[in-house]
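> This is the structure, below, for whatever I ask next.
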Amino acid sequence: MGSFCHETAKAVEAGYFTLFRFNPDLKSEGKNPFILDSREPSLSYQEFLEGEVRYTALEKTKPEEAKRLFAEAQQQAKNRYAYWKQITEMYERL
């Protein structure tokens, strides 16, 4: 548990988690109520996964399947970030 905060930060940097806030009261102030706190992923998704025991176990037992799943997960993370970015832009136009 001592490295929980560090691992969480790595998860955000890799795009595994996306941080955002929604405060509808900001709209009445003329501000965007949807705030995307995460930046575009800067850490290699693969590097993050290699630091997680559950994923390294899969990599050891089924390396080809792990490679395919990791690539798919990385693409999904990129798609999620693009989606949240679009949501931010949508609320800016409202």
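As shown in the structure tokens, the chain order sets the letters A, B, ...; within each chain, residues go from 1, and ligands are also counted from 1 in the order they appear.
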Chain A: which residues are strand (DSSP E) by DSSP, as a list in words?
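Residues of chain A classed as strand (DSSP E): Phe20, Arg21, Phe22, Phe34, Ile35 and Leu36 of chain A.
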> List as JSON lines every residue of stretch 23-58 of chain A that is in contact with stretch 73-78 of chain A, defined as an atom at most 9 Å from one of its atoms (using only C-alpha atoms), together with the nearest atom pair and the distance in Å rounded to one decimal, sorted by chain and then rising number.

```
{"residue": "A:Glu40", "atom": "CA", "partner": "A:Lys78", "partner_atom": "CA", "distance": 8.5}
{"residue": "A:Pro41", "atom": "CA", "partner": "A:Lys78", "partner_atom": "CA", "distance": 7.9}
{"residue": "A:Ser44", "atom": "CA", "partner": "A:Gln74", "partner_atom": "CA", "distance": 8.9}
{"residue": "A:Tyr45", "atom": "CA", "partner": "A:Gln74", "partner_atom": "CA", "distance": 6.0}
{"residue": "A:Gln46", "atom": "CA", "partner": "A:Gln74", "partner_atom": "CA", "distance": 7.7}
```
> Please report, as a count of residues only, each residue of chain A to which DSSP assigns helix (DSSP H, G or I) when run on this structure's backbone.
61
> Go ahead and compute the interatomic distance for atom CA of A:Ala57 and atom CA of A:Val12, in Å to one decimal.
21.9 Å
> Do you have the atom CA of A:Tyr81-atom CA of A:Ser42 distance handy?
11.9 Å
> Measure the distance from atom CA of A:Trp84 to atom CA of A:Asp25 in Å and round it to one decimal.
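Atom CA of A:Asp25 lies at a distance of 19.6 Å from atom CA of A:Trp84.
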> Within 10 Å of A:Asn23, counting only C-alpha atoms, which residues show up once you throw out same-chain ones fewer than 2 positions away? Write them as a PyMOL selection string, please.
chain A and resi 21+25-27+31-35
> Only C-alpha atoms, please: the residues just picked out, written as a tab-separated table (two decimals), in the first residue's frame.

```tsv
chain	number	residue	atom	x	y	z
A	21	ARG	CA	-14.84	16.58	-12.76
A	25	ASP	CA	-22.95	25.14	-11.06
A	26	LEU	CA	-20.02	26.40	-13.15
A	27	LYS	CA	-22.32	26.81	-16.14
A	31	LYS	CA	-17.50	28.39	-17.14
A	32	ASN	CA	-17.18	24.90	-18.56
A	33	PRO	CA	-18.89	22.51	-16.11
A	34	PHE	CA	-16.82	19.57	-17.39
A	35	ILE	CA	-13.15	19.66	-16.42
```
> Hey, what's within 12 Å of A:Lys85 if we count only C-alpha atoms and toss same-chain stuff fewer than 4 positions away? As a list in words, please?
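After dropping sequence-adjacent residues, the list is Thr18, Leu19, Phe20, Phe34, Ile35, Leu36, Asp37, Ser38, Arg39, Glu40, Lys78, Asn79, Arg80, Tyr81, Glu89, Met90, Tyr91 and Glu92 of chain A.
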